[in-house]
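S.K.: What follows is upload_35.cif, mmCIF, C-alpha atoms and all ligand atoms.
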data_final
loop_
_atom_site.label_atom_id
_atom_site.label_comp_id
_atom_site.auth_asym_id
_atom_site.auth_seq_id
_atom_site.Cartn_x
_atom_site.Cartn_y
_atom_site.Cartn_z
CA MET A 1 33.53 100.11 -51.72
CA GLN A 2 31.89 101.91 -48.80
CA GLU A 3 31.50 105.58 -48.25
CA GLY A 4 33.46 106.21 -45.05
CA SER A 5 30.83 107.42 -42.56
CA LYS A 6 30.54 111.20 -42.27
CA SER A 7 33.58 112.16 -44.31
CA GLY A 8 32.31 110.40 -47.44
CA ILE A 9 35.81 109.06 -48.13
CA ARG A 10 35.81 105.66 -49.86
CA ARG A 11 37.22 102.73 -47.88
CA ARG A 12 37.67 98.96 -48.09
CA GLY A 13 35.53 96.63 -46.01
CA LEU A 14 37.04 94.85 -43.03
CA MET A 15 36.62 91.31 -41.78
CA LEU A 16 36.08 91.37 -38.03
CA VAL A 17 36.86 88.00 -36.46
CA LEU A 18 35.49 87.51 -32.94
CA SER A 19 36.61 84.44 -31.00
CA SER A 20 36.29 83.35 -27.40
CA PRO A 21 35.54 80.25 -25.39
CA SER A 22 31.79 79.53 -25.20
CA GLY A 23 30.18 81.66 -22.52
CA ALA A 24 32.62 84.58 -22.58
CA GLY A 25 29.96 86.85 -24.08
CA LYS A 26 31.07 86.85 -27.68
CA SER A 27 27.60 86.17 -29.11
CA THR A 28 26.07 89.06 -27.15
CA ILE A 29 28.82 91.42 -28.25
CA ALA A 30 28.37 90.24 -31.85
CA ARG A 31 24.60 90.76 -31.65
CA ASN A 32 24.98 94.25 -30.16
CA LEU A 33 27.41 95.19 -32.89
CA LEU A 34 25.11 93.96 -35.66
CA GLU A 35 22.16 95.85 -34.14
CA SER A 36 23.96 99.12 -33.45
CA ASP A 37 26.20 99.32 -36.50
CA GLY A 38 24.40 99.09 -39.81
CA GLY A 39 27.73 98.60 -41.60
CA PHE A 40 28.20 95.02 -40.42
CA GLU A 41 26.84 91.86 -41.93
CA LEU A 42 27.11 88.50 -40.14
CA SER A 43 28.82 85.61 -41.87
CA VAL A 44 26.34 82.75 -41.32
CA SER A 45 28.31 79.53 -40.88
CA VAL A 46 27.30 76.03 -41.84
CA THR A 47 27.36 73.48 -39.03
CA THR A 48 26.60 69.83 -38.39
CA ARG A 49 25.64 70.62 -34.76
CA GLN A 50 22.04 70.15 -33.57
CA ARG A 51 19.96 73.32 -33.70
CA ARG A 52 19.24 74.84 -30.26
CA ALA A 53 15.64 75.77 -29.49
CA SER A 54 16.39 79.49 -29.78
CA GLU A 55 18.14 79.21 -33.14
CA ILE A 56 16.73 79.77 -36.61
CA ASP A 57 18.08 77.91 -39.62
CA GLY A 58 19.63 80.37 -42.07
CA VAL A 59 19.86 83.15 -39.46
CA HIS A 60 22.17 81.79 -36.75
CA TYR A 61 23.60 78.93 -38.79
CA HIS A 62 22.85 76.89 -41.84
CA PHE A 63 22.25 73.50 -40.22
CA VAL A 64 23.47 70.75 -42.52
CA SER A 65 24.07 66.99 -42.43
CA GLN A 66 27.57 65.57 -42.15
CA ARG A 67 27.31 64.51 -45.77
CA ASP A 68 26.33 67.98 -46.99
CA PHE A 69 29.13 69.51 -44.95
CA GLU A 70 31.68 67.19 -46.54
CA ARG A 71 30.35 68.04 -49.99
CA LEU A 72 30.73 71.80 -49.31
CA ARG A 73 34.20 71.31 -47.88
CA ASP A 74 35.34 69.11 -50.75
CA THR A 75 34.07 71.51 -53.43
CA ASP A 76 36.01 74.40 -51.88
CA ALA A 77 32.78 76.20 -50.99
CA LEU A 78 34.14 76.95 -47.49
CA LEU A 79 36.67 79.69 -46.80
CA GLU A 80 37.73 77.87 -43.64
CA TRP A 81 36.37 75.01 -41.57
CA ALA A 82 37.07 73.29 -38.29
CA GLU A 83 35.86 70.65 -35.90
CA VAL A 84 34.74 72.29 -32.65
CA HIS A 85 33.33 70.37 -29.66
CA GLY A 86 32.85 67.30 -31.88
CA ASN A 87 30.83 69.11 -34.57
CA PHE A 88 31.90 70.62 -37.88
CA TYR A 89 31.64 74.33 -38.63
CA GLY A 90 32.61 76.29 -41.73
CA THR A 91 32.42 79.73 -43.31
CA PRO A 92 30.68 79.83 -46.71
CA ARG A 93 33.07 81.34 -49.22
CA GLU A 94 30.72 83.20 -51.53
CA PRO A 95 28.99 85.67 -49.16
CA ALA A 96 32.34 86.61 -47.58
CA GLU A 97 34.06 87.14 -50.91
CA ASN A 98 31.11 89.17 -52.23
CA ALA A 99 31.12 91.37 -49.14
CA MET A 100 34.82 92.04 -49.52
CA ALA A 101 34.49 92.76 -53.23
CA ASP A 102 31.75 95.32 -52.47
CA GLY A 103 33.71 96.85 -49.61
CA ARG A 104 31.18 95.83 -46.94
CA ASP A 105 32.24 94.93 -43.39
CA MET A 106 31.66 91.38 -42.25
CA LEU A 107 31.58 89.81 -38.81
CA PHE A 108 32.87 86.26 -38.29
CA ASP A 109 31.98 84.46 -35.07
CA ILE A 110 34.48 81.61 -35.42
CA ASP A 111 36.99 79.71 -33.29
CA TRP A 112 40.79 80.05 -33.24
CA GLN A 113 41.27 77.40 -35.92
CA GLY A 114 39.10 79.43 -38.31
CA ALA A 115 40.86 82.66 -37.33
CA VAL A 116 44.24 81.11 -38.21
CA GLN A 117 42.97 80.02 -41.64
CA LEU A 118 41.42 83.40 -42.47
CA ASN A 119 44.58 85.17 -41.33
CA GLU A 120 46.63 83.04 -43.71
CA LYS A 121 44.35 83.82 -46.63
CA MET A 122 43.27 87.42 -46.08
CA ARG A 123 45.63 88.99 -43.57
CA ALA A 124 45.21 92.57 -44.82
CA ASP A 125 41.44 92.52 -44.39
CA ILE A 126 41.30 90.76 -41.00
CA VAL A 127 40.89 92.40 -37.62
CA ALA A 128 40.94 89.58 -35.07
CA VAL A 129 39.57 90.15 -31.55
CA PHE A 130 39.69 87.62 -28.73
CA ILE A 131 37.21 87.93 -25.86
CA LEU A 132 38.35 86.56 -22.49
CA PRO A 133 36.14 85.82 -19.48
CA PRO A 134 37.15 87.55 -16.23
CA SER A 135 37.72 84.12 -14.56
CA MET A 136 37.15 80.41 -15.21
CA LYS A 137 34.62 80.38 -12.37
CA GLU A 138 32.56 83.08 -14.06
CA LEU A 139 32.82 81.25 -17.37
CA ALA A 140 31.39 78.05 -15.83
CA ALA A 141 28.59 80.05 -14.18
CA ARG A 142 27.66 81.71 -17.48
CA LEU A 143 27.56 78.36 -19.29
CA LYS A 144 25.27 76.92 -16.62
CA ARG A 145 23.01 79.98 -16.64
CA ARG A 146 22.59 79.63 -20.37
CA ALA A 147 21.12 76.16 -19.70
CA GLU A 148 20.60 75.46 -23.36
CA ASP A 149 23.12 72.65 -23.34
CA SER A 150 23.30 69.36 -21.42
CA ASP A 151 25.69 68.94 -18.45
CA GLN A 152 27.96 66.81 -20.58
CA THR A 153 28.10 69.49 -23.28
CA ILE A 154 28.94 72.11 -20.64
CA GLU A 155 31.80 69.91 -19.35
CA THR A 156 33.19 69.50 -22.88
CA ARG A 157 32.95 73.25 -23.46
CA LEU A 158 34.80 74.05 -20.23
CA ARG A 159 37.61 71.68 -21.14
CA ASN A 160 37.79 73.18 -24.61
CA ALA A 161 37.73 76.72 -23.19
CA ARG A 162 41.24 76.23 -21.85
CA ILE A 163 42.51 75.13 -25.25
CA GLU A 164 40.79 78.06 -26.97
CA ILE A 165 42.19 80.58 -24.44
CA GLU A 166 45.74 79.35 -25.08
CA HIS A 167 45.47 80.87 -28.57
CA TRP A 168 44.95 84.46 -27.37
CA ARG A 169 48.31 85.58 -28.76
CA GLU A 170 47.21 84.93 -32.32
CA TYR A 171 44.75 87.85 -32.19
CA ASP A 172 45.25 91.56 -32.89
CA TYR A 173 43.22 92.64 -29.85
CA VAL A 174 42.17 91.06 -26.56
CA VAL A 175 39.12 92.26 -24.62
CA VAL A 176 38.31 91.01 -21.09
CA ASN A 177 34.55 90.80 -20.67
CA GLN A 178 34.19 91.68 -16.99
CA ASP A 179 31.36 94.07 -17.74
CA LEU A 180 29.39 93.68 -20.97
CA ASP A 181 28.87 97.40 -21.66
CA HIS A 182 32.53 98.12 -21.14
CA ALA A 183 33.67 95.19 -23.30
CA PHE A 184 31.27 96.24 -26.04
CA ALA A 185 32.56 99.83 -25.92
CA GLU A 186 36.09 98.47 -26.36
CA VAL A 187 35.10 96.41 -29.39
CA ARG A 188 33.41 99.51 -30.88
CA ALA A 189 36.57 101.52 -30.32
CA ILE A 190 38.60 98.85 -32.14
CA VAL A 191 36.19 98.93 -35.08
CA THR A 192 36.21 102.73 -35.24
CA ALA A 193 40.00 102.88 -35.25
CA GLU A 194 40.43 100.04 -37.75
CA ARG A 195 38.00 101.70 -40.18
CA LEU A 196 40.18 104.81 -40.05
CA ARG A 197 43.41 103.04 -40.99
CA ARG A 198 45.07 104.75 -43.90
CA ASP A 199 45.52 101.57 -45.94
CA ARG A 200 41.78 100.80 -45.69
CA ARG A 201 40.88 104.21 -47.16
CA PRO A 202 41.85 104.40 -50.82
CA GLY A 203 39.48 107.37 -51.13
CA LEU A 204 42.04 109.45 -49.21
CA PHE A 205 44.11 109.88 -52.39
CA ASP A 206 41.29 111.78 -54.11
CA PHE A 207 40.32 113.57 -50.94
CA VAL A 208 43.82 114.89 -50.33
CA SER A 209 44.30 115.83 -54.02
CA GLY A 210 41.06 117.78 -53.80
CA LEU A 211 42.20 119.46 -50.60
CA LEU A 212 45.52 120.54 -52.07
CA SER A 213 44.07 121.70 -55.37
CA LYS A 214 42.08 124.45 -53.68
CA GLU A 215 43.71 127.73 -52.75
CA PRO A 216 42.86 128.77 -49.21
CA ASP A 217 40.43 131.65 -48.92
CA ARG A 218 42.66 134.48 -47.65
CA LYS A 219 39.95 137.06 -47.18
P1 LIG B 1 28.29 77.15 -30.92
O1 LIG B 1 28.07 75.69 -31.15
O2 LIG B 1 28.31 77.51 -29.46
O3 LIG B 1 27.37 78.02 -31.71
O4 LIG B 1 29.75 77.46 -31.47
C1 LIG B 1 30.85 76.75 -31.01
C2 LIG B 1 32.12 77.38 -31.51
O5 LIG B 1 32.24 77.23 -32.93
C3 LIG B 1 32.19 78.89 -31.24
O6 LIG B 1 33.47 79.18 -30.73
C4 LIG B 1 32.02 79.49 -32.61
O7 LIG B 1 32.70 80.72 -32.71
C5 LIG B 1 32.66 78.44 -33.48
N1 LIG B 1 32.22 78.55 -34.87
C6 LIG B 1 31.00 78.89 -35.33
N2 LIG B 1 30.98 78.93 -36.67
C7 LIG B 1 32.23 78.64 -37.08
C8 LIG B 1 32.85 78.53 -38.36
O8 LIG B 1 32.25 78.73 -39.42
N3 LIG B 1 34.16 78.21 -38.38
C9 LIG B 1 34.89 77.99 -37.25
N4 LIG B 1 36.18 77.71 -37.39
N5 LIG B 1 34.33 78.06 -36.02
C10 LIG B 1 33.02 78.38 -35.94
#
Starting from the file, give its structure as structure tokens.
M.R.:
Amino acid sequence: MQEGSKSGIRRRGLMLVLSSPSGAGKSTIARNLLESDGGFELSVSVTTRQRRASEIDGVHYHFVSQRDFERLRDTDALLEWAEVHGNFYGTPREPAENAMADGRDMLFDIDWQGAVQLNEKMRADIVAVFILPPSMKELAARLKRRAEDSDQTIETRLRNARIEIEHWREYDYVVVNQDLDHAFAEVRAIVTAERLRRDRRPGLFDFVSGLLSKEPDRK
């Protein structure tokens, strides 16, 4: 279990789920969070999708064959899995369960189908945040600017964006990414508040007992 920042009060880890349609800025927000907050560890998914030029196997994803994916899925090695844009994605069970057992915070960059499955299994530990684009026009522009995908892939992603957005109500928080700095500050605020929740801080029992056992100094 973690020491709770400055107070030193023990707390449970949390599972931060970030979802959004492709291009809404979720990956940048996730990266900023991982870089600025040493408490978070990224859950590295397995996927059958082709590796993009900028991606590193084992860092961004574990790139696997369809056959390997099916083997992992069928041996219950995945905490959740889904088909997204015609490829398969899944969250490896072991690293996530280890992180939770040790009270470390973990970040899951997964789609709504994965968020639903994690919520069913680990509701108390999940904080689910949905990132919305400011407009569909801006979303299309961001996907084109990224230019890492073919035109056909971009079309598929735009169509799927609408389906993904329809699931916004299933999340605890919704952040509109009009301005990246502002959206990131909002995600940070969510994390700060969620870490302070009473039921995530079992160390409060000892802390409060200690507080009350001391007589105030009346001098
Ligand atoms: P991309 O191919 O752009 O990296 O990801 C496509 C979508 O798949 C994103 O919405 C991403 O969040 C989602 N995704 C990535 N890994 C997982 C996973 O392990 N499980 C689920 N359910 N979705 C994932």
S.K.: Counting all atoms listed in the file, which of A:Leu18, A:Leu42, A:Ala189, A:Ala99 gets nearest to A:Val129?
M.R.: A:Leu18
S.K.: Just how far from atom CA of A:His85 is atom CA of A:Ile154, in Å to one decimal?
M.R.: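 We find that atom CA of A:Ile154 and atom CA of A:His85 lie 10.2 Å from each other.
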S.K.: Pick out the closest residue to A:Gly103 from this set: A:Phe69, A:Phe130, A:Phe40, A:Phe88. Count all atoms listed in the file.
M.R.: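 Smallest distance to A:Gly103 is found for A:Phe40.
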S.K.: Kindly indicate which residue among A:Asp109, A:Asp125, A:Glu120, A:Asp74 lies nearest to A:Arg197, using all atoms listed in the file for the distances.
M.R.: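 Under the stated criterion, the closest residue is A:Asp125.
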S.K.: With a distance cut-off of 12 Å and all atoms listed in the file, select the neighbouring residues of A:Pro95, excluding the residue or stretch itself and same-chain residues fewer than 4 positions from it, and output the selection as a compact mmCIF listing (two decimals) with C-alpha atoms, in the coordinates of the input.
M.R.:
# COMPACT_ATOMS: atom_id res chain seq x y z
CA GLU A 41 26.84 91.86 -41.93
CA LEU A 42 27.11 88.50 -40.14
CA SER A 43 28.82 85.61 -41.87
CA VAL A 44 26.34 82.75 -41.32
CA SER A 45 28.31 79.53 -40.88
CA ALA A 77 32.78 76.20 -50.99
CA LEU A 78 34.14 76.95 -47.49
CA LEU A 79 36.67 79.69 -46.80
CA THR A 91 32.42 79.73 -43.31
CA ALA A 99 31.12 91.37 -49.14
CA MET A 100 34.82 92.04 -49.52
CA ALA A 101 34.49 92.76 -53.23
CA ASP A 102 31.75 95.32 -52.47
CA ARG A 104 31.18 95.83 -46.94
CA ASP A 105 32.24 94.93 -43.39
CA MET A 106 31.66 91.38 -42.25
CA LEU A 107 31.58 89.81 -38.81
CA PHE A 108 32.87 86.26 -38.29
S.K.: Go ahead and compute the interatomic distance for atom CA of A:Asp68 and atom CA of A:Arg49, in Å to one decimal.
M.R.: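 Rounded to one decimal, the two atoms are 12.5 Å apart.
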S.K.: A:Gly90, A:Gly39, A:Gly114, A:Gly58: which is nearest A:Gly13, counting only C-alpha atoms?
M.R.: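 Smallest separation from A:Gly13 among the options: A:Gly39.
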S.K.: Please enclose the listed atoms of ligand LIG 1 (chain B) in an axis-aligned box, pad each side by 5 Å, and write out the centre and the three edge lengths in Å, rounded to one decimal, as AutoDock Vina command-line options.
M.R.:
--center_x 31.8 --center_y 78.2 --center_z -34.4 --size_x 18.8 --size_y 15.0 --size_z 20.0
S.K.: Measuring between all atoms listed in the file, which one of A:Ser213, A:Thr75, A:Asn87, A:Gln178 shows the shortest distance to A:Arg142?
M.R.: A:Gln178
S.K.: So, with all atoms listed in the file as the atoms that count, which of A:Tyr61, A:Phe207, A:Phe184, A:Trp168 lies closest to A:Ala115?
M.R.: A:Trp168
S.K.: With all atoms listed in the file as the counted atoms, please give the residues lying no more than 10 Å from A:Asp111, apart from itself and same-chain residues fewer than 2 positions off, as a count of residues only.
M.R.: 20
S.K.: May I have the residues within 9 Å of A:Leu33 as a VMD selection string, using all atoms listed in the file and disregarding those fewer than 4 positions away in the same chain?
M.R.: chain A and resid 28 to 29 37 to 38 40 184 187 to 188
S.K.: Could you give me, as a ChimeraX atom specification, the residues that sit within 10 Å of (42.6, 91.7, -44.1) in the file's coordinates, counting all atoms listed in the file?
M.R.: /A:12-16,100,118-128,200
S.K.: Report, in Å to a single decimal, how far apart atom CA of A:Ala24 and atom CA of A:Arg145 are.
M.R.: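 Atom CA of A:Ala24 lies 12.2 Å from atom CA of A:Arg145.
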S.K.: Write out as a PDB file with C-alpha atoms, in the frame of the given file each polymer residue whose atoms come within 12 Å of A:Leu180, counting only C-alpha atoms; drop sequence neighbours fewer than 6 positions from it.
M.R.:
ATOM      1  CA  ALA A  24      32.620  84.580 -22.580  1.00  0.00           C
ATOM      2  CA  GLY A  25      29.960  86.850 -24.080  1.00  0.00           C
ATOM      3  CA  LYS A  26      31.070  86.850 -27.680  1.00  0.00           C
ATOM      4  CA  SER A  27      27.600  86.170 -29.110  1.00  0.00           C
ATOM      5  CA  THR A  28      26.070  89.060 -27.150  1.00  0.00           C
ATOM      6  CA  ILE A  29      28.820  91.420 -28.250  1.00  0.00           C
ATOM      7  CA  ALA A  30      28.370  90.240 -31.850  1.00  0.00           C
ATOM      8  CA  ASN A  32      24.980  94.250 -30.160  1.00  0.00           C
ATOM      9  CA  ILE A 131      37.210  87.930 -25.860  1.00  0.00           C
ATOM     10  CA  LEU A 132      38.350  86.560 -22.490  1.00  0.00           C
ATOM     11  CA  PRO A 133      36.140  85.820 -19.480  1.00  0.00           C
ATOM     12  CA  PRO A 134      37.150  87.550 -16.230  1.00  0.00           C
ATOM     13  CA  GLU A 186      36.090  98.470 -26.360  1.00  0.00           C
ATOM     14  CA  VAL A 187      35.100  96.410 -29.390  1.00  0.00           C
TER      15      VAL A 187
END
